[in-house]
>>> print(open('target-v2.pdb').read())   # PDB, C-alpha atoms
ATOM      1  CA  MET A   1     -11.102   8.287  -8.525
ATOM      2  CA  SER A   2     -13.362   6.339  -6.161
ATOM      3  CA  VAL A   3     -16.595   7.708  -4.699
ATOM      4  CA  ILE A   4     -17.874   5.689  -1.718
ATOM      5  CA  ASP A   5     -20.480   5.909   1.010
ATOM      6  CA  ASP A   6     -19.202   3.008   3.148
ATOM      7  CA  PRO A   7     -15.616   2.912   4.503
ATOM      8  CA  ALA A   8     -15.437  -0.831   3.798
ATOM      9  CA  GLN A   9     -15.780  -0.153   0.069
ATOM     10  CA  PHE A  10     -12.256   1.216  -0.307
ATOM     11  CA  ASN A  11      -9.011  -0.774  -0.215
ATOM     12  CA  GLU A  12      -5.858  -0.221  -2.266
ATOM     13  CA  GLU A  13      -5.137  -3.704  -3.616
ATOM     14  CA  GLU A  14      -2.442  -3.120  -6.231
ATOM     15  CA  LEU A  15       0.405  -1.356  -4.401
ATOM     16  CA  TYR A  16       3.773  -3.130  -4.101
ATOM     17  CA  VAL A  17       7.190  -1.917  -2.960
ATOM     18  CA  ASN A  18      10.284  -3.357  -4.634
ATOM     19  CA  LEU A  19      12.670  -3.926  -1.713
ATOM     20  CA  ARG A  20      15.769  -4.496  -3.818
ATOM     21  CA  ALA A  21      16.818  -0.830  -3.722
ATOM     22  CA  SER A  22      16.006  -0.091  -0.075
ATOM     23  CA  MET A  23      16.820  -3.453   1.546
ATOM     24  CA  GLY A  24      18.921  -5.353  -0.978
ATOM     25  CA  LEU A  25      16.277  -8.072  -1.143
ATOM     26  CA  PRO A  26      14.766  -9.649  -4.286
ATOM     27  CA  LEU A  27      11.331  -9.182  -2.762
ATOM     28  CA  PHE A  28       8.110  -7.367  -3.610
ATOM     29  CA  LEU A  29       6.105  -6.149  -0.623
ATOM     30  CA  LYS A  30       2.313  -6.074  -0.991
ATOM     31  CA  CYS A  31       1.085  -3.059   1.010
ATOM     32  CA  GLU A  32      -2.223  -3.710   2.751
ATOM     33  CA  GLY A  33      -2.462  -0.635   4.974
ATOM     34  CA  PHE A  34      -4.254   1.758   2.662
ATOM     35  CA  ASN A  35      -7.884   1.593   3.732
ATOM     36  CA  PHE A  36      -9.954   3.280   6.447
ATOM     37  CA  ALA A  37      -8.874   0.722   9.069
ATOM     38  CA  GLY A  38      -5.202   1.002   8.148
ATOM     39  CA  SER A  39      -4.534  -2.727   7.850
ATOM     40  CA  ILE A  40      -5.248  -5.978   6.061
ATOM     41  CA  LYS A  41      -7.751  -6.826   8.816
ATOM     42  CA  MET A  42     -10.400  -4.719   7.080
ATOM     43  CA  LYS A  43     -10.900  -7.609   4.657
ATOM     44  CA  ALA A  44     -11.518 -10.243   7.325
ATOM     45  CA  ALA A  45     -13.687  -7.912   9.416
ATOM     46  CA  THR A  46     -15.932  -7.114   6.451
ATOM     47  CA  GLU A  47     -16.247 -10.768   5.462
ATOM     48  CA  MET A  48     -17.117 -11.911   8.990
ATOM     49  CA  VAL A  49     -19.632  -9.135   9.699
ATOM     50  CA  ASN A  50     -21.347  -9.629   6.346
ATOM     51  CA  ALA A  51     -21.670 -13.374   7.023
ATOM     52  CA  ALA A  52     -23.059 -12.746  10.535
ATOM     53  CA  GLU A  53     -25.664 -10.398   9.065
ATOM     54  CA  ARG A  54     -26.631 -12.889   6.350
ATOM     55  CA  ASP A  55     -26.961 -15.667   8.940
ATOM     56  CA  GLY A  56     -29.152 -13.522  11.204
ATOM     57  CA  LEU A  57     -26.664 -13.525  14.078
ATOM     58  CA  LEU A  58     -26.444  -9.734  14.153
ATOM     59  CA  ARG A  59     -29.763  -8.128  15.019
ATOM     60  CA  PRO A  60     -30.915  -4.774  16.431
ATOM     61  CA  GLY A  61     -29.521  -4.564  19.949
ATOM     62  CA  SER A  62     -26.642  -6.947  19.283
ATOM     63  CA  VAL A  63     -23.236  -6.058  20.689
ATOM     64  CA  LEU A  64     -20.203  -7.164  18.690
ATOM     65  CA  ILE A  65     -17.369  -8.532  20.810
ATOM     66  CA  GLU A  66     -13.950  -9.672  19.656
ATOM     67  CA  SER A  67     -10.515 -10.563  20.985
ATOM     68  CA  SER A  68      -7.901  -8.583  19.064
ATOM     69  CA  SER A  69      -4.309  -7.434  19.476
ATOM     70  CA  GLY A  70      -5.336  -4.237  17.711
ATOM     71  CA  ASN A  71      -5.814  -4.179  13.957
ATOM     72  CA  LEU A  72      -8.969  -6.285  13.743
ATOM     73  CA  GLY A  73     -10.357  -4.236  16.601
ATOM     74  CA  VAL A  74      -9.858  -1.061  14.583
ATOM     75  CA  ALA A  75     -11.436  -2.628  11.493
ATOM     76  CA  LEU A  76     -14.470  -3.777  13.456
ATOM     77  CA  SER A  77     -14.684  -0.336  15.088
ATOM     78  CA  VAL A  78     -14.905   1.254  11.641
ATOM     79  CA  ILE A  79     -17.588  -1.165  10.474
ATOM     80  CA  ALA A  80     -19.575  -1.011  13.716
ATOM     81  CA  ALA A  81     -19.574   2.791  13.672
ATOM     82  CA  HIS A  82     -20.831   2.888  10.090
ATOM     83  CA  ARG A  83     -23.499   0.197  10.539
ATOM     84  CA  GLY A  84     -24.721   1.293  13.954
ATOM     85  CA  TYR A  85     -23.526  -1.589  16.138
ATOM     86  CA  ARG A  86     -21.994  -1.378  19.577
ATOM     87  CA  PHE A  87     -18.580  -3.014  19.757
ATOM     88  CA  LEU A  88     -16.395  -4.206  22.616
ATOM     89  CA  CYS A  89     -12.771  -5.032  21.814
ATOM     90  CA  VAL A  90     -10.947  -7.269  24.293
ATOM     91  CA  THR A  91      -7.222  -6.682  23.927
ATOM     92  CA  ASP A  92      -4.151  -6.897  26.171
ATOM     93  CA  VAL A  93      -1.257  -4.787  27.413
ATOM     94  CA  ARG A  94       0.757  -5.297  24.215
ATOM     95  CA  CYS A  95      -1.799  -3.352  22.178
ATOM     96  CA  ASN A  96      -0.370  -0.015  21.049
ATOM     97  CA  ALA A  97      -1.806   2.987  22.916
ATOM     98  CA  PRO A  98      -2.651   4.871  19.684
ATOM     99  CA  THR A  99      -4.656   1.846  18.543
ATOM    100  CA  ILE A 100      -6.705   1.858  21.745
ATOM    101  CA  ARG A 101      -7.345   5.589  21.396
ATOM    102  CA  LEU A 102      -8.378   5.103  17.784
ATOM    103  CA  MET A 103     -10.938   2.429  18.650
ATOM    104  CA  ARG A 104     -12.401   4.622  21.375
ATOM    105  CA  ALA A 105     -12.513   7.599  19.019
ATOM    106  CA  LEU A 106     -14.660   5.467  16.714
ATOM    107  CA  GLY A 107     -17.100   4.835  19.557
ATOM    108  CA  SER A 108     -15.948   1.366  20.628
ATOM    109  CA  GLN A 109     -15.405   0.115  24.154
ATOM    110  CA  VAL A 110     -11.994  -1.401  24.912
ATOM    111  CA  HIS A 111     -11.163  -3.806  27.712
ATOM    112  CA  VAL A 112      -7.433  -4.404  28.340
ATOM    113  CA  VAL A 113      -6.434  -7.761  29.827
ATOM    114  CA  ARG A 114      -3.327  -7.411  31.992
ATOM    115  CA  GLU A 115      -2.721 -10.879  33.484
ATOM    116  CA  PRO A 116      -1.925 -13.942  31.337
ATOM    117  CA  THR A 117      -3.278 -17.413  31.997
ATOM    118  CA  ALA A 118      -0.839 -20.164  32.947
ATOM    119  CA  HIS A 119      -1.476 -21.987  29.665
ATOM    120  CA  GLY A 120      -2.385 -19.667  26.815
ATOM    121  CA  GLY A 121      -0.779 -16.442  27.973
ATOM    122  CA  LEU A 122      -2.454 -13.123  27.305
ATOM    123  CA  LEU A 123      -4.384 -14.505  24.333
ATOM    124  CA  GLY A 124      -5.796 -17.273  26.511
ATOM    125  CA  ALA A 125      -6.863 -14.676  29.068
ATOM    126  CA  ARG A 126      -8.542 -12.571  26.389
ATOM    127  CA  LEU A 127     -10.467 -15.552  25.039
ATOM    128  CA  ALA A 128     -11.578 -16.586  28.531
ATOM    129  CA  TYR A 129     -12.900 -13.064  29.182
ATOM    130  CA  VAL A 130     -14.859 -13.065  25.912
ATOM    131  CA  ARG A 131     -16.361 -16.483  26.627
ATOM    132  CA  ALA A 132     -17.435 -15.411  30.094
ATOM    133  CA  LEU A 133     -19.189 -12.287  28.801
ATOM    134  CA  CYS A 134     -20.957 -14.196  26.036
ATOM    135  CA  ALA A 135     -22.169 -16.772  28.563
ATOM    136  CA  SER A 136     -23.545 -14.033  30.795
ATOM    137  CA  ASP A 137     -25.434 -12.000  28.167
ATOM    138  CA  ASP A 138     -26.898 -13.256  24.887
ATOM    139  CA  ARG A 139     -26.739  -9.810  23.311
ATOM    140  CA  TYR A 140     -23.036 -10.353  22.680
ATOM    141  CA  VAL A 141     -22.128 -11.672  19.219
ATOM    142  CA  TRP A 142     -18.609 -13.080  19.045
ATOM    143  CA  LEU A 143     -17.243 -13.383  15.511
ATOM    144  CA  ASP A 144     -14.170 -15.280  16.826
ATOM    145  CA  GLN A 145     -11.544 -14.442  14.231
ATOM    146  CA  HIS A 146      -9.416 -17.339  15.515
ATOM    147  CA  SER A 147     -11.837 -19.982  14.214
ATOM    148  CA  ASN A 148     -14.154 -18.083  11.846
ATOM    149  CA  ALA A 149     -13.833 -19.387   8.276
ATOM    150  CA  GLY A 150     -14.660 -15.898   7.012
ATOM    151  CA  ASN A 151     -11.195 -14.874   8.199
ATOM    152  CA  TRP A 152      -9.392 -17.033   5.636
ATOM    153  CA  ARG A 153     -12.129 -16.795   2.973
ATOM    154  CA  ALA A 154     -11.594 -13.040   2.755
ATOM    155  CA  HIS A 155      -8.041 -13.628   1.535
ATOM    156  CA  TYR A 156      -9.008 -16.569  -0.649
ATOM    157  CA  ARG A 157     -11.396 -14.220  -2.460
ATOM    158  CA  THR A 158      -9.214 -11.100  -2.611
ATOM    159  CA  THR A 159      -5.573 -11.169  -1.502
ATOM    160  CA  ALA A 160      -4.337 -14.342  -3.198
ATOM    161  CA  PRO A 161      -5.944 -13.761  -6.623
ATOM    162  CA  ALA A 162      -4.715 -10.150  -6.598
ATOM    163  CA  ILE A 163      -1.142 -11.361  -6.065
ATOM    164  CA  ALA A 164      -1.527 -14.020  -8.765
ATOM    165  CA  ARG A 165      -2.768 -11.458 -11.288
ATOM    166  CA  ARG A 166       0.202  -9.171 -10.657
ATOM    167  CA  PHE A 167       2.799 -11.962 -10.463
ATOM    168  CA  PRO A 168       1.664 -14.844 -12.697
ATOM    169  CA  ARG A 169       5.102 -16.493 -12.329
ATOM    170  CA  LEU A 170       5.338 -16.171  -8.564
ATOM    171  CA  ASP A 171       7.750 -18.624  -6.921
ATOM    172  CA  VAL A 172       7.540 -17.844  -3.175
ATOM    173  CA  LEU A 173       4.971 -16.111  -0.968
ATOM    174  CA  PHE A 174       5.866 -15.004   2.579
ATOM    175  CA  VAL A 175       2.930 -14.539   4.960
ATOM    176  CA  GLY A 176       2.970 -13.682   8.649
ATOM    177  CA  ALA A 177       1.158 -16.054  11.015
ATOM    178  CA  GLY A 178      -1.180 -14.505  13.585
ATOM    179  CA  THR A 179      -4.678 -15.962  13.516
ATOM    180  CA  THR A 180      -3.390 -17.538  10.244
ATOM    181  CA  GLY A 181      -6.405 -16.227   8.313
ATOM    182  CA  THR A 182      -4.294 -14.485   5.666
ATOM    183  CA  LEU A 183      -1.880 -17.411   5.542
ATOM    184  CA  MET A 184      -4.535 -20.083   5.098
ATOM    185  CA  GLY A 185      -6.635 -18.099   2.642
ATOM    186  CA  CYS A 186      -3.650 -17.501   0.359
ATOM    187  CA  ALA A 187      -2.252 -21.020   0.759
ATOM    188  CA  ARG A 188      -5.601 -22.611  -0.032
ATOM    189  CA  TRP A 189      -6.088 -20.458  -3.121
ATOM    190  CA  PHE A 190      -2.712 -21.299  -4.656
ATOM    191  CA  TRP A 191      -3.221 -24.996  -3.849
ATOM    192  CA  GLN A 192      -6.766 -24.997  -5.278
ATOM    193  CA  TRP A 193      -5.603 -23.449  -8.536
ATOM    194  CA  ARG A 194      -2.541 -25.702  -8.753
ATOM    195  CA  ARG A 195      -0.104 -22.831  -8.793
ATOM    196  CA  PRO A 196       3.463 -24.025  -8.000
ATOM    197  CA  VAL A 197       4.036 -21.379  -5.320
ATOM    198  CA  ARG A 198       6.073 -22.111  -2.206
ATOM    199  CA  ILE A 199       4.185 -20.863   0.876
ATOM    200  CA  VAL A 200       6.486 -19.704   3.688
ATOM    201  CA  ALA A 201       4.904 -18.859   7.038
ATOM    202  CA  VAL A 202       6.694 -16.256   9.187
ATOM    203  CA  ASP A 203       6.186 -16.444  12.938
ATOM    204  CA  SER A 204       7.635 -14.739  16.001
ATOM    205  CA  VAL A 205      10.019 -16.451  18.400
ATOM    206  CA  GLY A 206       7.972 -17.172  21.532
ATOM    207  CA  SER A 207       4.844 -18.104  19.569
ATOM    208  CA  VAL A 208       3.387 -21.597  19.968
ATOM    209  CA  THR A 209       1.648 -21.624  16.567
ATOM    210  CA  PHE A 210       4.011 -24.145  14.972
ATOM    211  CA  GLY A 211       4.886 -26.036  18.131
ATOM    212  CA  GLY A 212       7.675 -23.881  19.519
ATOM    213  CA  PRO A 213       8.016 -23.041  23.214
ATOM    214  CA  ALA A 214       6.013 -20.126  24.566
ATOM    215  CA  GLY A 215       7.989 -17.002  25.336
ATOM    216  CA  PRO A 216       7.542 -13.261  25.841
ATOM    217  CA  ARG A 217       6.475 -11.245  22.809
ATOM    218  CA  ARG A 218       6.011  -7.487  22.713
ATOM    219  CA  ILE A 219       5.061  -6.725  19.096
ATOM    220  CA  PRO A 220       1.304  -7.286  18.587
ATOM    221  CA  GLY A 221      -0.138  -8.939  15.515
ATOM    222  CA  LEU A 222       1.986 -11.992  14.755
ATOM    223  CA  GLY A 223       2.456 -15.053  16.900
ATOM    224  CA  ALA A 224       0.064 -16.652  19.364
ATOM    225  CA  GLY A 225      -0.036 -18.115  22.845
ATOM    226  CA  VAL A 226      -2.719 -20.592  21.699
ATOM    227  CA  ARG A 227      -2.438 -22.633  18.499
ATOM    228  CA  PRO A 228      -4.831 -21.056  15.936
ATOM    229  CA  PRO A 229      -7.770 -23.361  15.113
ATOM    230  CA  LEU A 230      -7.674 -22.151  11.483
ATOM    231  CA  LEU A 231      -4.151 -23.468  10.908
ATOM    232  CA  ASP A 232      -3.683 -26.456   8.606
ATOM    233  CA  THR A 233       0.047 -27.067   8.229
ATOM    234  CA  SER A 234      -0.442 -29.370   5.231
ATOM    235  CA  TYR A 235      -0.703 -26.224   3.089
ATOM    236  CA  ILE A 236       2.563 -24.754   4.410
ATOM    237  CA  ASP A 237       5.947 -25.491   2.837
ATOM    238  CA  ASP A 238       8.306 -23.752   5.278
ATOM    239  CA  VAL A 239       8.227 -21.845   8.563
ATOM    240  CA  VAL A 240      10.666 -19.122   9.647
ATOM    241  CA  HIS A 241      10.808 -17.812  13.214
ATOM    242  CA  VAL A 242      11.987 -14.248  13.764
ATOM    243  CA  GLU A 243      13.380 -12.583  16.871
ATOM    244  CA  GLU A 244      11.593  -9.319  17.676
ATOM    245  CA  SER A 245      14.914  -7.445  17.788
ATOM    246  CA  ASP A 246      15.435  -8.370  14.123
ATOM    247  CA  ALA A 247      11.932  -7.163  13.225
ATOM    248  CA  VAL A 248      12.614  -3.828  14.933
ATOM    249  CA  GLN A 249      15.898  -3.463  13.067
ATOM    250  CA  VAL A 250      14.171  -4.031   9.724
ATOM    251  CA  CYS A 251      11.399  -1.534  10.529
ATOM    252  CA  ARG A 252      13.935   1.154  11.389
ATOM    253  CA  ARG A 253      16.006   0.430   8.305
ATOM    254  CA  LEU A 254      12.926   0.864   6.115
ATOM    255  CA  ALA A 255      11.970   4.065   7.948
ATOM    256  CA  SER A 256      15.407   5.482   7.153
ATOM    257  CA  ARG A 257      14.443   5.023   3.484
ATOM    258  CA  GLY A 258      11.035   6.677   3.909
ATOM    259  CA  PHE A 259       8.892   3.552   4.324
ATOM    260  CA  LEU A 260       7.137   3.423   7.701
ATOM    261  CA  PHE A 261       5.656  -0.027   8.281
ATOM    262  CA  GLY A 262       4.297  -1.872  11.309
ATOM    263  CA  GLY A 263       6.043  -4.414  13.478
ATOM    264  CA  SER A 264       4.376  -7.357  11.738
ATOM    265  CA  THR A 265       5.771  -6.171   8.428
ATOM    266  CA  GLY A 266       9.260  -5.959   9.899
ATOM    267  CA  THR A 267       8.853  -9.534  11.118
ATOM    268  CA  VAL A 268       7.744 -10.799   7.705
ATOM    269  CA  ILE A 269      10.561  -9.035   5.853
ATOM    270  CA  SER A 270      13.143 -10.316   8.333
ATOM    271  CA  GLY A 271      11.824 -13.850   7.908
ATOM    272  CA  ALA A 272      11.862 -13.501   4.130
ATOM    273  CA  GLY A 273      15.463 -12.284   4.311
ATOM    274  CA  GLN A 274      16.470 -15.324   6.373
ATOM    275  CA  TRP A 275      14.759 -17.716   3.969
ATOM    276  CA  LEU A 276      16.173 -16.051   0.854
ATOM    277  CA  ALA A 277      19.671 -16.109   2.341
ATOM    278  CA  ARG A 278      19.379 -19.905   2.556
ATOM    279  CA  HIS A 279      17.268 -20.784  -0.471
ATOM    280  CA  GLY A 280      17.251 -17.803  -2.839
ATOM    281  CA  ARG A 281      18.417 -18.207  -6.400
ATOM    282  CA  ARG A 282      18.843 -15.928  -9.366
ATOM    283  CA  GLY A 283      15.562 -15.046 -11.052
ATOM    284  CA  LEU A 284      13.356 -16.047  -8.127
ATOM    285  CA  THR A 285      10.098 -14.063  -7.916
ATOM    286  CA  SER A 286       9.069 -13.567  -4.305
ATOM    287  CA  VAL A 287       6.320 -11.556  -2.601
ATOM    288  CA  ALA A 288       5.707 -10.757   1.067
ATOM    289  CA  ILE A 289       2.518  -9.330   2.563
ATOM    290  CA  ALA A 290       2.765  -6.167   4.686
ATOM    291  CA  PRO A 291      -0.267  -6.174   7.020
ATOM    292  CA  ASP A 292      -0.153  -2.531   8.161
ATOM    293  CA  LEU A 293       1.681   0.789   8.315
ATOM    294  CA  GLY A 294       3.846   2.175  11.099
ATOM    295  CA  GLU A 295       2.131   5.212  12.651
ATOM    296  CA  ARG A 296       0.608   3.148  15.475
ATOM    297  CA  TYR A 297       4.070   1.879  16.460
ATOM    298  CA  LEU A 298       5.729   5.245  17.115
ATOM    299  CA  ASP A 299       5.680   4.669  20.888
ATOM    300  CA  THR A 300       7.146   1.183  20.598
ATOM    301  CA  VAL A 301       9.030  -0.077  17.539
ATOM    302  CA  TYR A 302      10.212   3.402  16.503
ATOM    303  CA  ARG A 303      11.152   4.654  19.956
ATOM    304  CA  GLU A 304      14.903   4.578  20.530
ATOM    305  CA  ASP A 305      14.717   3.123  24.046
ATOM    306  CA  TRP A 306      12.324   0.319  23.056
ATOM    307  CA  PRO A 307      12.313  -2.493  23.949
ATOM    308  CA  PRO A 308      13.394  -1.754  27.542
ATOM    309  CA  ALA A 309      16.991  -2.523  28.440
ATOM    310  CA  ASP A 310      15.964  -5.192  30.954
ATOM    311  CA  VAL A 311      14.594  -7.388  28.152
ATOM    312  CA  PRO A 312      17.321  -9.931  27.222
ATOM    313  CA  ARG A 313      18.591  -9.723  23.647
ATOM    314  CA  PRO A 314      18.966 -13.061  21.841
ATOM    315  CA  GLU A 315      22.281 -14.389  20.629
ATOM    316  CA  ARG A 316      22.519 -14.648  16.862
ATOM    317  CA  GLY A 317      23.454 -17.847  15.121
ATOM    318  CA  PRO A 318      25.338 -17.816  11.805
ATOM    319  CA  GLU A 319      22.174 -18.063   9.671
ATOM    320  CA  ARG A 320      20.592 -15.028  11.344
ATOM    321  CA  GLU A 321      23.857 -13.090  11.084
ATOM    322  CA  GLN A 322      24.033 -13.840   7.365
ATOM    323  CA  ALA A 323      20.415 -12.828   6.760
ATOM    324  CA  MET A 324      20.606  -9.596   8.775
ATOM    325  CA  ALA A 325      23.915  -8.655   7.122
ATOM    326  CA  HIS A 326      22.259  -9.197   3.745
ATOM    327  CA  ILE A 327      19.344  -6.971   4.738
ATOM    328  CA  GLY A 328      21.752  -4.301   5.927
TER
END
>>> encode(input="target-v2.pdb", output="structure tokens")
Amino acid sequence: MSVIDDPAQFNEEELYVNLRASMGLPLFLKCEGFNFAGSIKMKAATEMVNAAERDGLLRPGSVLIESSSGNLGVALSVIAAHRGYRFLCVTDVRCNAPTIRLMRALGSQVHVVREPTAHGGLLGARLAYVRALCASDDRYVWLDQHSNAGNWRAHYRTTAPAIARRFPRLDVLFVGAGTTGTLMGCARWFWQWRRPVRIVAVDSVGSVTFGGPAGPRRIPGLGAGVRPPLLDTSYIDDVVHVEESDAVQVCRRLASRGFLFGGSTGTVISGAGQWLARHGRRGLTSVAIAPDLGERYLDTVYREDWPPADVPRPERGPEREQAMAHIG
């Protein structure tokens, strides 16, 4: 039993769900939502704030500011509340309402960007707003998760070695691509230690991260309207793009079995299912990372009339049909 005095000191690192029984997939899901921020972003937030304190960037009177689709904003809200900093989260209209209420309950300010830029979308608009505020007032300290090396170092130090300890014969690791901090930290660790692990990035259709065309996305967390500066594709073996309708279907299927996960997790599992349908073989050991849990998605992913009927549903090709049939 743990006894702590700082919310950042607790994170359940060793919990995995075997998805063979519930989803018919030869896949272990690493659950990262069991900490006081409710997501994997607690690791990156802690790493980046600690580094800013060590480097003297955070001082009395400083105001933390960050662009976030939600989970990092919550993690920074937790840390800021405990350490006595003011925090402004710049998010956009895709951020779940419960997430915004949670950040405000923790004492943070939240600014919601509603209009996208012509090139960069809502993320580009968020970043432009942050830059403008920082230029106008030197009290603001921008950690910039999109280019901060502490983002990927957190997972190099913790997530990847934890997976390697539990699965010393790991063959494939599936990681969602948002800022790509988790992806790059894990990929770098397995490359550095010469582990023969295939790294598969999972992205959302409509994201420009891996060079695809920009398109509408409604599930926050994965995908980007601006290519992440942290991304180095030389560490990535494969990329799978997932339609949001498939991610929603996976989330609801898991919920029917008692596992309530977030939209990013549904995306990663759907992508893993597509990849395994094409490349899986008997005896393959595969792990996917689940960034968060599902309570914050009750008004979106788990609502029967979501997404709205006026949003076009994509046609499925044979590979997607095969993968989704395999998942159930």
>>> resolve_selection(input="target-v2.pdb", expression="the PyMOL selection byres ((chain A and resi 6) around 12)", output="ChimeraX atom specification")
/A:2-5,7-11,35-36,46,78-83
>>> resolve_selection(input="target-v2.pdb", expression="the PyMOL selection byres ((chain A and resi 267) around 9)", output="list in words")
Gly176, Val202, Asp203, Ser204, Leu222, His241, Val242, Glu243, Glu244, Asp246, Ala247, Val248, Val250, Cys251, Gly262, Gly263, Ser264, Thr265, Gly266, Val268, Ile269, Ser270, Gly271 and Ala272 of chain A
>>> atom_distance(input="target-v2.pdb", atom1="CA of Asn71 in chain A", atom2="CA of Gly181 in chain A")
13.3 Å
>>> resolve_selection(input="target-v2.pdb", expression="the PyMOL selection byres ((chain A and resi 283) around 12)", output="PDB file with C-alpha atoms, keeping the file's coordinate frame")
ATOM      1  CA  PRO A  26      14.766  -9.649  -4.286  1.00  0.00           C
ATOM      2  CA  LEU A  27      11.331  -9.182  -2.762  1.00  0.00           C
ATOM      3  CA  ARG A 169       5.102 -16.493 -12.329  1.00  0.00           C
ATOM      4  CA  LEU A 170       5.338 -16.171  -8.564  1.00  0.00           C
ATOM      5  CA  ASP A 171       7.750 -18.624  -6.921  1.00  0.00           C
ATOM      6  CA  VAL A 172       7.540 -17.844  -3.175  1.00  0.00           C
ATOM      7  CA  LEU A 276      16.173 -16.051   0.854  1.00  0.00           C
ATOM      8  CA  GLY A 280      17.251 -17.803  -2.839  1.00  0.00           C
ATOM      9  CA  ARG A 281      18.417 -18.207  -6.400  1.00  0.00           C
ATOM     10  CA  ARG A 282      18.843 -15.928  -9.366  1.00  0.00           C
ATOM     11  CA  LEU A 284      13.356 -16.047  -8.127  1.00  0.00           C
ATOM     12  CA  THR A 285      10.098 -14.063  -7.916  1.00  0.00           C
ATOM     13  CA  SER A 286       9.069 -13.567  -4.305  1.00  0.00           C
TER      14      SER A 286
END
>>> closest_residue(input="target-v2.pdb", among="A:Leu76, A:Ala288, A:Gly56, A:Gly225", to="Thr117 in chain A", atoms="only C-alpha atoms")
A:Gly225
>>> atom_distance(input="target-v2.pdb", atom1="CA of Ala187 in chain A", atom2="CA of Phe167 in chain A")
15.3 Å
>>> atom_distance(input="target-v2.pdb", atom1="CA of Ile236 in chain A", atom2="CA of Leu29 in chain A")
19.6 Å
>>> closest_residue(input="target-v2.pdb", among="A:Leu230, A:Gln109, A:Leu122, A:Ser22", to="Ala255 in chain A", atoms="all atoms listed in the file")
A:Ser22
>>> residues_near_point(input="target-v2.pdb", point="(-12.7, 4.9, 22.7)", cutoff="12 Å", atoms="all atoms listed in the file", output="number ranges by chain")
A: 73-74, 77-78, 81, 86-89, 97-111
>>> closest_residue(input="target-v2.pdb", among="A:Lys41, A:Arg20, A:Arg94, A:Arg139", to="Leu58 in chain A", atoms="all atoms listed in the file")
A:Arg139
>>> closest_residue(input="target-v2.pdb", among="A:Val205, A:Val49, A:Val17, A:Cys134", to="Lys30 in chain A", atoms="only C-alpha atoms")
A:Val17
>>> residues_around(input="target-v2.pdb", residues="Ala128 in chain A", least_positions_apart="4", cutoff="12 Å", atoms="only C-alpha atoms", output="JSON, numbers by chain")
{"A": [66, 67, 90, 91, 113, 115, 116, 117, 119, 120, 121, 122, 123, 124, 132, 133, 134, 135, 226]}
>>> write_last_selection(input="target-v2.pdb", atoms="C-alpha atoms", output="CSV table (one decimal), in the frame of the given file")
chain,number,residue,atom,x,y,z
A,66,GLU,CA,-14.0,-9.7,19.7
A,67,SER,CA,-10.5,-10.6,21.0
A,90,VAL,CA,-10.9,-7.3,24.3
A,91,THR,CA,-7.2,-6.7,23.9
A,113,VAL,CA,-6.4,-7.8,29.8
A,115,GLU,CA,-2.7,-10.9,33.5
A,116,PRO,CA,-1.9,-13.9,31.3
A,117,THR,CA,-3.3,-17.4,32.0
A,119,HIS,CA,-1.5,-22.0,29.7
A,120,GLY,CA,-2.4,-19.7,26.8
A,121,GLY,CA,-0.8,-16.4,28.0
A,122,LEU,CA,-2.5,-13.1,27.3
A,123,LEU,CA,-4.4,-14.5,24.3
A,124,GLY,CA,-5.8,-17.3,26.5
A,132,ALA,CA,-17.4,-15.4,30.1
A,133,LEU,CA,-19.2,-12.3,28.8
A,134,CYS,CA,-21.0,-14.2,26.0
A,135,ALA,CA,-22.2,-16.8,28.6
A,226,VAL,CA,-2.7,-20.6,21.7
>>> residues_around(input="target-v2.pdb", residues="Arg227 in chain A", least_positions_apart="3", cutoff="9 Å", atoms="all atoms listed in the file", output="list in words")
Gly120, Thr179, Ser207, Val208, Thr209, Phe210, Gly211, Ala224, Leu230 and Leu231 of chain A
>>> write_last_selection(input="target-v2.pdb", atoms="C-alpha atoms", output="JSON list (two decimals), in the frame of the given file")
[["chain", "number", "residue", "atom", "x", "y", "z"],
["A", 120, "GLY", "CA", -2.38, -19.67, 26.82],
["A", 179, "THR", "CA", -4.68, -15.96, 13.52],
["A", 207, "SER", "CA", 4.84, -18.10, 19.57],
["A", 208, "VAL", "CA", 3.39, -21.60, 19.97],
["A", 209, "THR", "CA", 1.65, -21.62, 16.57],
["A", 210, "PHE", "CA", 4.01, -24.14, 14.97],
["A", 211, "GLY", "CA", 4.89, -26.04, 18.13],
["A", 224, "ALA", "CA", 0.06, -16.65, 19.36],
["A", 230, "LEU", "CA", -7.67, -22.15, 11.48],
["A", 231, "LEU", "CA", -4.15, -23.47, 10.91]]
>>> closest_residue(input="target-v2.pdb", among="A:Pro220, A:Gly185, A:Pro161, A:Gly38", to="Asp92 in chain A", atoms="all atoms listed in the file")
A:Pro220
>>> residues_around(input="target-v2.pdb", residues="Ala44 in chain A", least_positions_apart="4", cutoff="7 Å", atoms="only C-alpha atoms", output="MDAnalysis selection string")
chainID A and resid 48 150:151 154
>>> closest_residue(input="target-v2.pdb", among="A:Ala177, A:Leu183, A:Leu143, A:Ala125", to="Asp55 in chain A", atoms="all atoms listed in the file")
A:Leu143
>>> residues_around(input="target-v2.pdb", residues="Trp191 in chain A", least_positions_apart="3", cutoff="12 Å", atoms="all atoms listed in the file", output="list of chain:residue names")
A:Tyr156, A:Ala160, A:Pro161, A:Met184, A:Gly185, A:Cys186, A:Ala187, A:Arg188, A:Arg194, A:Arg195, A:Pro196, A:Val197, A:Arg198, A:Ile199, A:Ser234, A:Tyr235, A:Ile236, A:Asp237
